[in-house]
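File shown here: query03.pdb, holding PDB, C-alpha atoms.
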```pdb
MODEL        1
ATOM      1  CA  ALA A   4       5.600  -8.816 -17.451  1.00  0.00           C
ATOM      2  CA  PRO A   5       5.269  -8.542 -13.665  1.00  0.00           C
ATOM      3  CA  PHE A   6       5.427 -12.315 -13.059  1.00  0.00           C
ATOM      4  CA  ASP A   7       8.469 -13.296 -15.150  1.00  0.00           C
ATOM      5  CA  GLY A   8      10.547 -15.837 -13.251  1.00  0.00           C
ATOM      6  CA  ILE A   9       7.773 -16.774 -10.850  1.00  0.00           C
ATOM      7  CA  ARG A  10       5.044 -17.793 -13.278  1.00  0.00           C
ATOM      8  CA  THR A  11       5.393 -21.546 -12.550  1.00  0.00           C
ATOM      9  CA  PRO A  12       5.347 -21.210  -8.736  1.00  0.00           C
ATOM     10  CA  LEU A  13       2.355 -18.860  -8.961  1.00  0.00           C
ATOM     11  CA  GLN A  14       0.542 -21.304 -11.229  1.00  0.00           C
ATOM     12  CA  ASN A  15       1.263 -24.150  -8.791  1.00  0.00           C
ATOM     13  CA  LEU A  16      -0.125 -22.114  -5.873  1.00  0.00           C
ATOM     14  CA  SER A  17      -3.140 -21.192  -7.963  1.00  0.00           C
ATOM     15  CA  ASP A  18      -3.741 -24.836  -8.927  1.00  0.00           C
ATOM     16  CA  LEU A  19      -3.650 -25.771  -5.223  1.00  0.00           C
ATOM     17  CA  GLY A  20      -6.199 -23.052  -4.411  1.00  0.00           C
ATOM     18  CA  PHE A  21      -3.948 -20.868  -2.253  1.00  0.00           C
ATOM     19  CA  ILE A  22      -4.021 -17.818  -4.546  1.00  0.00           C
ATOM     20  CA  GLU A  23      -5.988 -16.372  -7.454  1.00  0.00           C
ATOM     21  CA  VAL A  24      -4.122 -14.682 -10.296  1.00  0.00           C
ATOM     22  CA  ALA A  25      -6.153 -12.371 -12.515  1.00  0.00           C
ATOM     23  CA  GLY A  26      -5.400  -9.246 -14.501  1.00  0.00           C
ATOM     24  CA  GLY A  27      -1.865  -8.888 -13.168  1.00  0.00           C
ATOM     25  CA  LEU A  28      -2.998  -9.112  -9.545  1.00  0.00           C
ATOM     26  CA  VAL A  29      -2.390 -11.896  -7.063  1.00  0.00           C
ATOM     27  CA  ARG A  30      -4.860 -12.439  -4.236  1.00  0.00           C
ATOM     28  CA  PHE A  31      -4.756 -14.959  -1.412  1.00  0.00           C
ATOM     29  CA  THR A  32      -7.912 -17.079  -1.264  1.00  0.00           C
ATOM     30  CA  HIS A  33      -8.081 -16.904   2.523  1.00  0.00           C
ATOM     31  CA  ASP A  34      -6.916 -14.421   5.161  1.00  0.00           C
ATOM     32  CA  LEU A  35      -5.188 -17.150   7.181  1.00  0.00           C
ATOM     33  CA  ILE A  36      -3.011 -18.069   4.198  1.00  0.00           C
ATOM     34  CA  GLN A  37      -1.976 -14.441   3.798  1.00  0.00           C
ATOM     35  CA  GLN A  38      -1.330 -14.155   7.544  1.00  0.00           C
ATOM     36  CA  HIS A  39       0.852 -17.287   7.562  1.00  0.00           C
ATOM     37  CA  VAL A  40       2.917 -16.094   4.601  1.00  0.00           C
ATOM     38  CA  TYR A  41       3.322 -12.631   6.158  1.00  0.00           C
ATOM     39  CA  GLU A  42       4.374 -14.018   9.538  1.00  0.00           C
ATOM     40  CA  SER A  43       6.928 -16.327   7.906  1.00  0.00           C
ATOM     41  CA  ILE A  44       8.824 -13.316   6.519  1.00  0.00           C
ATOM     42  CA  GLU A  45      11.579 -11.989   8.804  1.00  0.00           C
ATOM     43  CA  LEU A  46      10.719  -8.740  10.608  1.00  0.00           C
ATOM     44  CA  GLU A  47      13.451  -6.721   8.906  1.00  0.00           C
ATOM     45  CA  GLN A  48      12.302  -7.891   5.464  1.00  0.00           C
ATOM     46  CA  ARG A  49       8.668  -6.996   6.341  1.00  0.00           C
ATOM     47  CA  ARG A  50       9.779  -3.497   7.311  1.00  0.00           C
ATOM     48  CA  THR A  51      11.652  -3.160   4.043  1.00  0.00           C
ATOM     49  CA  PHE A  52       8.584  -4.289   2.072  1.00  0.00           C
ATOM     50  CA  HIS A  53       6.322  -1.824   3.912  1.00  0.00           C
ATOM     51  CA  ILE A  54       8.724   1.083   3.362  1.00  0.00           C
ATOM     52  CA  GLU A  55       9.198   0.257  -0.344  1.00  0.00           C
ATOM     53  CA  ILE A  56       5.468  -0.153  -0.969  1.00  0.00           C
ATOM     54  CA  GLY A  57       4.627   3.017   0.950  1.00  0.00           C
ATOM     55  CA  LEU A  58       7.230   5.135  -0.817  1.00  0.00           C
ATOM     56  CA  PHE A  59       6.299   3.723  -4.225  1.00  0.00           C
ATOM     57  CA  LEU A  60       2.608   4.558  -3.747  1.00  0.00           C
ATOM     58  CA  GLY A  61       3.296   7.915  -2.099  1.00  0.00           C
ATOM     59  CA  TRP A  62       5.567   9.012  -4.919  1.00  0.00           C
ATOM     60  CA  LYS A  63       3.021   7.874  -7.514  1.00  0.00           C
ATOM     61  CA  VAL A  64       0.431  10.166  -5.913  1.00  0.00           C
ATOM     62  CA  SER A  65       2.948  13.027  -5.659  1.00  0.00           C
ATOM     63  CA  THR A  66       4.036  12.529  -9.279  1.00  0.00           C
ATOM     64  CA  SER A  67       0.434  12.541 -10.488  1.00  0.00           C
ATOM     65  CA  ARG A  68      -0.164  15.866  -8.777  1.00  0.00           C
ATOM     66  CA  THR A  69       2.754  17.525 -10.528  1.00  0.00           C
ATOM     67  CA  SER A  70       2.211  15.921 -13.931  1.00  0.00           C
ATOM     68  CA  SER A  71       0.254  17.545 -16.718  1.00  0.00           C
ATOM     69  CA  ASP A  72      -2.659  15.315 -15.742  1.00  0.00           C
ATOM     70  CA  ALA A  73      -2.563  16.475 -12.103  1.00  0.00           C
ATOM     71  CA  SER A  74      -6.334  16.289 -11.727  1.00  0.00           C
ATOM     72  CA  SER A  75      -6.294  12.522 -11.925  1.00  0.00           C
ATOM     73  CA  LEU A  76      -4.169   9.738 -10.550  1.00  0.00           C
ATOM     74  CA  GLU A  77      -4.983   7.878 -13.757  1.00  0.00           C
ATOM     75  CA  GLY A  78      -2.314   9.883 -15.576  1.00  0.00           C
ATOM     76  CA  ALA A  79       0.450   8.447 -13.398  1.00  0.00           C
ATOM     77  CA  VAL A  80      -0.569   4.899 -12.534  1.00  0.00           C
ATOM     78  CA  GLY A  81      -3.781   4.213 -14.386  1.00  0.00           C
ATOM     79  CA  LYS A  82      -6.995   3.090 -12.761  1.00  0.00           C
ATOM     80  CA  MET A  83      -6.452   0.611  -9.979  1.00  0.00           C
ATOM     81  CA  TYR A  84      -9.205  -1.638  -8.710  1.00  0.00           C
ATOM     82  CA  ILE A  85      -9.672  -3.523  -5.464  1.00  0.00           C
ATOM     83  CA  SER A  86     -11.704  -6.633  -5.989  1.00  0.00           C
ATOM     84  CA  GLU A  87     -14.505  -6.750  -3.425  1.00  0.00           C
ATOM     85  CA  SER A  88     -16.074  -9.737  -5.104  1.00  0.00           C
ATOM     86  CA  LYS A  89     -15.837 -11.353  -8.490  1.00  0.00           C
ATOM     87  CA  SER A  90     -18.733  -9.267  -9.754  1.00  0.00           C
ATOM     88  CA  GLN A  91     -17.798  -5.820  -8.471  1.00  0.00           C
ATOM     89  CA  GLY A  92     -14.762  -3.689  -7.758  1.00  0.00           C
ATOM     90  CA  SER A  93     -14.050  -0.193  -6.513  1.00  0.00           C
ATOM     91  CA  VAL A  94     -11.659   2.422  -7.850  1.00  0.00           C
ATOM     92  CA  ILE A  95      -8.868   3.396  -5.474  1.00  0.00           C
ATOM     93  CA  THR A  96      -8.878   7.188  -5.241  1.00  0.00           C
ATOM     94  CA  GLU A  97      -5.795   9.356  -4.940  1.00  0.00           C
ATOM     95  CA  ARG A  98      -6.717  10.074  -1.309  1.00  0.00           C
ATOM     96  CA  SER A  99      -7.127   6.421  -0.386  1.00  0.00           C
ATOM     97  CA  LEU A 100      -3.895   5.536  -2.198  1.00  0.00           C
ATOM     98  CA  LEU A 101      -2.038   8.144  -0.151  1.00  0.00           C
ATOM     99  CA  SER A 102      -3.609   6.706   2.997  1.00  0.00           C
ATOM    100  CA  ILE A 103      -2.454   3.199   2.010  1.00  0.00           C
ATOM    101  CA  ALA A 104       1.048   4.563   1.365  1.00  0.00           C
ATOM    102  CA  THR A 105       1.308   6.256   4.752  1.00  0.00           C
ATOM    103  CA  ASP A 106      -0.168   3.207   6.507  1.00  0.00           C
ATOM    104  CA  HIS A 107       2.590   1.021   5.081  1.00  0.00           C
ATOM    105  CA  ILE A 108       5.318   3.397   6.208  1.00  0.00           C
ATOM    106  CA  ASN A 109       3.700   3.996   9.606  1.00  0.00           C
ATOM    107  CA  HIS A 110       3.454   0.235  10.109  1.00  0.00           C
ATOM    108  CA  ALA A 111       7.170  -0.254   9.376  1.00  0.00           C
ATOM    109  CA  GLY A 112       8.123   2.664  11.575  1.00  0.00           C
ATOM    110  CA  PRO A 113       8.799   6.162  10.268  1.00  0.00           C
ATOM    111  CA  GLU A 114      12.305   5.984  11.744  1.00  0.00           C
ATOM    112  CA  PHE A 115      13.202   3.557   8.941  1.00  0.00           C
ATOM    113  CA  VAL A 116      12.486   6.175   6.266  1.00  0.00           C
ATOM    114  CA  GLU A 117      15.690   7.686   4.909  1.00  0.00           C
ATOM    115  CA  GLN A 118      16.357  11.272   5.924  1.00  0.00           C
ATOM    116  CA  SER A 119      15.889  12.502   2.334  1.00  0.00           C
ATOM    117  CA  GLU A 120      12.338  11.038   2.246  1.00  0.00           C
ATOM    118  CA  ARG A 121      11.123  12.206   5.683  1.00  0.00           C
ATOM    119  CA  LYS A 122       9.791  15.603   4.646  1.00  0.00           C
ATOM    120  CA  SER A 123       7.608  14.069   1.931  1.00  0.00           C
ATOM    121  CA  PHE A 124       6.445  11.365   4.326  1.00  0.00           C
ATOM    122  CA  ALA A 125       5.490  14.004   6.930  1.00  0.00           C
ATOM    123  CA  ILE A 126       3.534  15.938   4.287  1.00  0.00           C
ATOM    124  CA  TRP A 127       1.669  12.763   3.253  1.00  0.00           C
ATOM    125  CA  ASN A 128       0.708  12.061   6.883  1.00  0.00           C
ATOM    126  CA  LEU A 129      -0.429  15.675   7.261  1.00  0.00           C
ATOM    127  CA  GLU A 130      -2.613  15.424   4.146  1.00  0.00           C
ATOM    128  CA  VAL A 131      -4.237  12.179   5.303  1.00  0.00           C
ATOM    129  CA  GLY A 132      -4.735  13.665   8.783  1.00  0.00           C
ATOM    130  CA  LYS A 133      -6.418  16.755   7.311  1.00  0.00           C
ATOM    131  CA  GLU A 134      -8.729  14.571   5.230  1.00  0.00           C
ATOM    132  CA  LEU A 135      -9.717  12.563   8.308  1.00  0.00           C
ATOM    133  CA  SER A 136     -10.242  15.757  10.337  1.00  0.00           C
ATOM    134  CA  ALA A 137     -12.549  17.059   7.610  1.00  0.00           C
ATOM    135  CA  ARG A 138     -14.609  13.873   8.053  1.00  0.00           C
ATOM    136  CA  CYS A 139     -14.625  14.418  11.851  1.00  0.00           C
ATOM    137  CA  ASP A 140     -12.483  11.339  12.493  1.00  0.00           C
ATOM    138  CA  PHE A 141     -10.257  13.165  14.942  1.00  0.00           C
ATOM    139  CA  GLY A 142      -8.811  10.090  16.688  1.00  0.00           C
ATOM    140  CA  CYS A 143      -7.463   8.643  13.452  1.00  0.00           C
ATOM    141  CA  ALA A 144      -6.341  12.071  12.272  1.00  0.00           C
ATOM    142  CA  LEU A 145      -4.293  12.476  15.452  1.00  0.00           C
ATOM    143  CA  HIS A 146      -2.488   9.210  14.695  1.00  0.00           C
ATOM    144  CA  TYR A 147      -1.372  10.511  11.286  1.00  0.00           C
ATOM    145  CA  TYR A 148      -0.367  13.896  12.721  1.00  0.00           C
ATOM    146  CA  GLU A 149       1.771  12.153  15.353  1.00  0.00           C
ATOM    147  CA  GLN A 150       3.447   9.889  12.794  1.00  0.00           C
ATOM    148  CA  GLY A 151       4.337  12.706  10.430  1.00  0.00           C
TER     149      GLY A 151
ENDMDL
END
```

Show me the file's structure as structure tokens.
Amino acid sequence: APFDGIRTPLQNLSDLGFIEVAGGLVRFTHDLIQQHVYESIELEQRRTFHIEIGLFLGWKVSTSRTSSDASSLEGAVGKMYISESKSQGSVITERSLLSIATDHINHAGPEFVEQSERKSFAIWNLEVGKELSARCDFGCALHYYEQG
């Protein structure tokens, strides 16, 4: 279970109204709470979190493309949903997941990616940049090209 060892603290925070826990996901109830928690984490630890999250998501997308179910991210990580409201959600596509992955790594600073991971990271930035160029979002595309 993803919350073993922290179930009681999560329940306490939920009871106080700071977070919502549902379906294996934890969500802050207000942006300012999330901002305060984020800013209380030391810079080096934030970088580490961003790199780990980015690489985890990026490799999940890469793995799904080389698996026997390469046509769908569902084969590697299952369907993931972002809750937009309690009544509706949206499926995270492979493309948007790759964009989230590269955003995390770009935010931490690509120089913190280990040498062995840099080629993959550059390819992910190139793919996101190409997707943005295809949608005529050239300013954002340039950012990804420069990072990769």

Exercise. For A:Arg50, which residue among A:Val116, A:Ala111, A:Leu135, A:Ala125 is the nearest when counting only C-alpha atoms?
Worked result: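 For A:Arg50, the nearest of the candidates is A:Ala111.
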
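Taking atom CA of A:Gln37 and atom CA of A:Arg49 as the two end points, the separation is 13.2 Å.
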
Exercise. Excluding same-chain residues fewer than 4 positions from A:Arg121, what lies within 12 Å of it counting all atoms listed in the file, as a list of chain:residue names?
Worked result: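 Once the nearby chain positions are removed, what remains is A:Ile54, A:Leu58, A:Gly61, A:Thr105, A:Ile108, A:Asn109, A:Gly112, A:Pro113, A:Glu114, A:Phe115, A:Val116, A:Glu117, A:Ala125, A:Ile126, A:Trp127, A:Asn128, A:Gln150, A:Gly151.
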
Problem set entry | Å distance separating atom CA of A:Thr96 from atom CA of A:Glu23, one decimal place |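 The value is 23.8 Å.
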
For this session: Evaluate the PyMOL selection byres ((chain A and resi 145) around 12) on the structure here and hand back the selected residues as a list in words.
Result: Asn128, Leu129, Glu130, Val131, Gly132, Lys133, Glu134, Leu135, Ser136, Cys139, Asp140, Phe141, Gly142, Cys143, Ala144, His146, Tyr147, Tyr148, Glu149, Gln150 and Gly151 of chain A

Problem set entry | Who sits within 8 Å of A:Phe21, all atoms listed in the file, same chain under 4 positions skipped, as number ranges by chain | A: 16-17, 31-33, 36

To test the calculation: enclose all listed atoms of stretch 38-48 of chain A in a box whose edges run along x, y and z, add 3 Å on each side, then state centre and edge lengths in Å to one decimal, as JSON.
```
{"center_x": 6.1, "center_y": -12.0, "center_z": 7.6, "size_x": 20.8, "size_y": 16.6, "size_z": 12.0}
```

Problem set entry | Pairwise distance for atom CA of A:Asp18 and atom CA of A:Arg30, rounded to one decimal in Å |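 Here the two named atoms are 13.3 Å from each other.
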
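The closest residue to A:His107, picked from A:Ala25, A:Val64, A:Ile56, A:Ile44 and counting all atoms listed in the file, is A:Ile56.
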
Problem set entry | Pick from A:Asp106, A:Glu55, A:Asp34, A:Glu47 nearest to A:Glu120, counting only C-alpha atoms |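 Ranking A:Asp106, A:Glu55, A:Asp34, A:Glu47 by distance to A:Glu120, first place goes to A:Glu55.
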
Fill-in result for stretch 97-108 of chain A, all heavy atoms as a PDB file, in the frame of the given file:
```
ATOM      1  N   GLU A  97      -7.094   8.795  -5.289  1.00  0.00           N
ATOM      2  CA  GLU A  97      -5.795   9.356  -4.940  1.00  0.00           C
ATOM      3  C   GLU A  97      -5.664   9.476  -3.431  1.00  0.00           C
ATOM      4  O   GLU A  97      -4.632   9.154  -2.853  1.00  0.00           O
ATOM      5  CB  GLU A  97      -5.643  10.719  -5.609  1.00  0.00           C
ATOM      6  CG  GLU A  97      -4.290  11.342  -5.420  1.00  0.00           C
ATOM      7  CD  GLU A  97      -4.152  12.628  -6.189  1.00  0.00           C
ATOM      8  OE1 GLU A  97      -4.026  12.583  -7.413  1.00  0.00           O
ATOM      9  OE2 GLU A  97      -4.185  13.688  -5.531  1.00  0.00           O
ATOM     10  N   ARG A  98      -6.732   9.930  -2.767  1.00  0.00           N
ATOM     11  CA  ARG A  98      -6.717  10.074  -1.309  1.00  0.00           C
ATOM     12  C   ARG A  98      -6.524   8.740  -0.613  1.00  0.00           C
ATOM     13  O   ARG A  98      -5.742   8.618   0.309  1.00  0.00           O
ATOM     14  CB  ARG A  98      -8.013  10.722  -0.808  1.00  0.00           C
ATOM     15  CG  ARG A  98      -8.112  12.172  -1.099  1.00  0.00           C
ATOM     16  CD  ARG A  98      -7.291  12.927  -0.083  1.00  0.00           C
ATOM     17  NE  ARG A  98      -7.454  14.330  -0.314  1.00  0.00           N
ATOM     18  CZ  ARG A  98      -6.536  15.215  -0.021  1.00  0.00           C
ATOM     19  NH1 ARG A  98      -5.407  14.845   0.506  1.00  0.00           N
ATOM     20  NH2 ARG A  98      -6.735  16.477  -0.250  1.00  0.00           N
ATOM     21  N   SER A  99      -7.265   7.717  -1.052  1.00  0.00           N
ATOM     22  CA  SER A  99      -7.127   6.421  -0.386  1.00  0.00           C
ATOM     23  C   SER A  99      -5.769   5.797  -0.686  1.00  0.00           C
ATOM     24  O   SER A  99      -5.200   5.114   0.164  1.00  0.00           O
ATOM     25  CB  SER A  99      -8.268   5.480  -0.755  1.00  0.00           C
ATOM     26  OG  SER A  99      -8.258   5.156  -2.122  1.00  0.00           O
ATOM     27  N   LEU A 100      -5.218   6.053  -1.863  1.00  0.00           N
ATOM     28  CA  LEU A 100      -3.895   5.536  -2.198  1.00  0.00           C
ATOM     29  C   LEU A 100      -2.835   6.181  -1.304  1.00  0.00           C
ATOM     30  O   LEU A 100      -1.924   5.507  -0.823  1.00  0.00           O
ATOM     31  CB  LEU A 100      -3.582   5.781  -3.668  1.00  0.00           C
ATOM     32  CG  LEU A 100      -2.389   5.052  -4.242  1.00  0.00           C
ATOM     33  CD1 LEU A 100      -2.546   3.544  -4.121  1.00  0.00           C
ATOM     34  CD2 LEU A 100      -2.198   5.423  -5.694  1.00  0.00           C
ATOM     35  N   LEU A 101      -2.968   7.460  -1.044  1.00  0.00           N
ATOM     36  CA  LEU A 101      -2.038   8.144  -0.151  1.00  0.00           C
ATOM     37  C   LEU A 101      -2.172   7.598   1.270  1.00  0.00           C
ATOM     38  O   LEU A 101      -1.178   7.420   1.977  1.00  0.00           O
ATOM     39  CB  LEU A 101      -2.269   9.657  -0.178  1.00  0.00           C
ATOM     40  CG  LEU A 101      -1.212  10.495   0.529  1.00  0.00           C
ATOM     41  CD1 LEU A 101       0.162  10.269  -0.098  1.00  0.00           C
ATOM     42  CD2 LEU A 101      -1.585  11.962   0.473  1.00  0.00           C
ATOM     43  N   SER A 102      -3.382   7.299   1.679  1.00  0.00           N
ATOM     44  CA  SER A 102      -3.609   6.706   2.997  1.00  0.00           C
ATOM     45  C   SER A 102      -2.959   5.324   3.091  1.00  0.00           C
ATOM     46  O   SER A 102      -2.318   4.986   4.095  1.00  0.00           O
ATOM     47  CB  SER A 102      -5.111   6.608   3.271  1.00  0.00           C
ATOM     48  OG  SER A 102      -5.351   6.001   4.515  1.00  0.00           O
ATOM     49  N   ILE A 103      -3.086   4.523   2.046  1.00  0.00           N
ATOM     50  CA  ILE A 103      -2.454   3.199   2.010  1.00  0.00           C
ATOM     51  C   ILE A 103      -0.936   3.357   2.091  1.00  0.00           C
ATOM     52  O   ILE A 103      -0.264   2.627   2.826  1.00  0.00           O
ATOM     53  CB  ILE A 103      -2.862   2.428   0.740  1.00  0.00           C
ATOM     54  CG1 ILE A 103      -4.354   2.080   0.788  1.00  0.00           C
ATOM     55  CG2 ILE A 103      -2.021   1.165   0.573  1.00  0.00           C
ATOM     56  CD1 ILE A 103      -4.923   1.590  -0.534  1.00  0.00           C
ATOM     57  N   ALA A 104      -0.400   4.324   1.360  1.00  0.00           N
ATOM     58  CA  ALA A 104       1.048   4.563   1.365  1.00  0.00           C
ATOM     59  C   ALA A 104       1.535   4.909   2.768  1.00  0.00           C
ATOM     60  O   ALA A 104       2.507   4.316   3.261  1.00  0.00           O
ATOM     61  CB  ALA A 104       1.398   5.689   0.383  1.00  0.00           C
ATOM     62  N   THR A 105       0.872   5.854   3.412  1.00  0.00           N
ATOM     63  CA  THR A 105       1.308   6.256   4.752  1.00  0.00           C
ATOM     64  C   THR A 105       1.094   5.129   5.766  1.00  0.00           C
ATOM     65  O   THR A 105       1.910   4.958   6.670  1.00  0.00           O
ATOM     66  CB  THR A 105       0.594   7.537   5.226  1.00  0.00           C
ATOM     67  OG1 THR A 105      -0.808   7.353   5.180  1.00  0.00           O
ATOM     68  CG2 THR A 105       0.999   8.729   4.386  1.00  0.00           C
ATOM     69  N   ASP A 106       0.047   4.345   5.599  1.00  0.00           N
ATOM     70  CA  ASP A 106      -0.168   3.207   6.507  1.00  0.00           C
ATOM     71  C   ASP A 106       0.984   2.213   6.433  1.00  0.00           C
ATOM     72  O   ASP A 106       1.438   1.700   7.460  1.00  0.00           O
ATOM     73  CB  ASP A 106      -1.482   2.491   6.196  1.00  0.00           C
ATOM     74  CG  ASP A 106      -2.702   3.247   6.680  1.00  0.00           C
ATOM     75  OD1 ASP A 106      -2.546   4.189   7.492  1.00  0.00           O
ATOM     76  OD2 ASP A 106      -3.818   2.899   6.249  1.00  0.00           O
ATOM     77  N   HIS A 107       1.462   1.952   5.224  1.00  0.00           N
ATOM     78  CA  HIS A 107       2.590   1.021   5.081  1.00  0.00           C
ATOM     79  C   HIS A 107       3.830   1.559   5.793  1.00  0.00           C
ATOM     80  O   HIS A 107       4.501   0.827   6.531  1.00  0.00           O
ATOM     81  CB  HIS A 107       2.909   0.774   3.602  1.00  0.00           C
ATOM     82  CG  HIS A 107       2.133  -0.353   3.012  1.00  0.00           C
ATOM     83  ND1 HIS A 107       2.460  -1.662   3.225  1.00  0.00           N
ATOM     84  CD2 HIS A 107       1.034  -0.368   2.217  1.00  0.00           C
ATOM     85  CE1 HIS A 107       1.603  -2.447   2.599  1.00  0.00           C
ATOM     86  NE2 HIS A 107       0.723  -1.680   1.974  1.00  0.00           N
ATOM     87  N   ILE A 108       4.125   2.821   5.586  1.00  0.00           N
ATOM     88  CA  ILE A 108       5.318   3.397   6.208  1.00  0.00           C
ATOM     89  C   ILE A 108       5.136   3.500   7.718  1.00  0.00           C
ATOM     90  O   ILE A 108       6.055   3.169   8.482  1.00  0.00           O
ATOM     91  CB  ILE A 108       5.656   4.761   5.585  1.00  0.00           C
ATOM     92  CG1 ILE A 108       5.984   4.576   4.095  1.00  0.00           C
ATOM     93  CG2 ILE A 108       6.841   5.403   6.315  1.00  0.00           C
ATOM     94  CD1 ILE A 108       6.095   5.871   3.313  1.00  0.00           C
TER      95      ILE A 108
END
```
